[in-house]
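*Asks:* Sending over a structure as structure tokens; questions will come in a sec.
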Amino acid sequence: MPEFNPHCLACPRLASHLSNIRDMYPRYFARPVPPFGDPKARLLVVGLAPGMHGANRTGRPFTGDHAGILLYETLHRHGFANRPVSESVRDGLTLKNCRITNAVKCLPPGNKPLPAEIATCNLYLQTELANIKPKSVILALGTVAHEAVLKAFKLKRKEYKFAHGAQHALPNDLRLIDSYHCSRYNTQTKRLTAEMFDAILRQARELLAG
Ligand code: URA
């Protein structure tokens with residue numbers, strides 16, 4: 001199994017949704033969105049799925065998405081990105097020792113992938129996680145990402161409860177950090193503040209250093 005297939009049509013509902021989006025928005029990327037960043041990185045950020053007018057439009061995770069504003073700004077502050085703003089695939093942004101992927105690579109209707117779609121796309125995440133360097137840190141943004149990571153390792157949810165700021169030991173000396181997703185909803189309601197997210201990236205940096 002590859003870690004990504006740009007021509008994947010494995011989920012009929014998502015494939016037909018993307019085909020409709022391509023008709024409606026011919027300039028949109030509207031394909032499976034590939035992971036972005038250094039394949040040898042020791043920080044892997046796992047998001048949910050491309051946003052309609054963000055990653056689904058630009059073709060890069062969290063790029064043009066409201067959620068990407070806080071994500072890239074914070075990655076930059078902690079030295080994981082060369083610039084704080086992610087606008088388009090041609091903006092010169094590079095990640096350092098960091099890679100960003102999504103639990104589901106295709107835009108899901110209403111931002112809600114079905115359990116079967118999460119399970120199908122999990123095969124890609126499994127390969128991605130199997131190739132990651134030992135002692136790496138996986139940062140799960142939200143419960144869907146958290147559960148996708150557990151699923152990829154065939155771990156039981158009740159033994160690895162999601163909590164903002166929680167750390168979990170994973171096989172192969174990997175570590176999982178949970179964070180609330182940096183979505184517009186979570187940041188506007190202050191469920192996740194810039195300070196809280198900064199502390200999560202600090203935690204990741206400390207784990208990598210230690
Ligand atoms: N954009 C992404 O690529 N992933 C998310 O989880 C949210 C927005």
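So you can find residues: chains in the structure tokens are A, B, ... in the order shown, residues in each start at 1, and ligands are numbered from 1 in order.
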Using only C-alpha atoms, determine which residues lie at most 7 Å from A:Gln126, disregarding the query and same-chain residues fewer than 4 positions distant; provide the list as a list in words.

*Replies:* Asn122, Ala130 and Ala152 of chain A

*Asks:* Per DSSP on the backbone, filter stretch 11-196 of chain A down to the residues in strand (DSSP E) and report them as a PyMOL selection string.

*Replies:* chain A and resi 36-37+43-47+98-102+137-141+167-170+174-179

*Asks:* To one decimal place, how far is atom CA of A:Pro12 from atom CA of A:Glu117 in Å?

*Replies:*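 Interatomic distance here is 9.2 Å.
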
*Asks:* Could you give me, as a PyMOL selection string, the residues within 8 Å of stretch 166-168 of chain A, counting only C-alpha atoms and dropping anything in the same chain fewer than 5 positions from it?

*Replies:* chain A and resi 160+175-179

*Asks:* Which chains and residue numbers are within 7 Å of ligand 1, counting only C-alpha atoms and all ligand atoms, if I want them as an MDAnalysis selection string?

*Replies:* chainID A and resid 47:51 54:55 60:63 65 67:68 102 183

*Asks:* With DSSP run on the backbone, what are the alpha helix (DSSP H) residues within stretch 23-170 of chain A? I'd like them as number ranges by chain.

*Replies:* A: 23-24, 55-58, 66-77, 115-130, 143-152
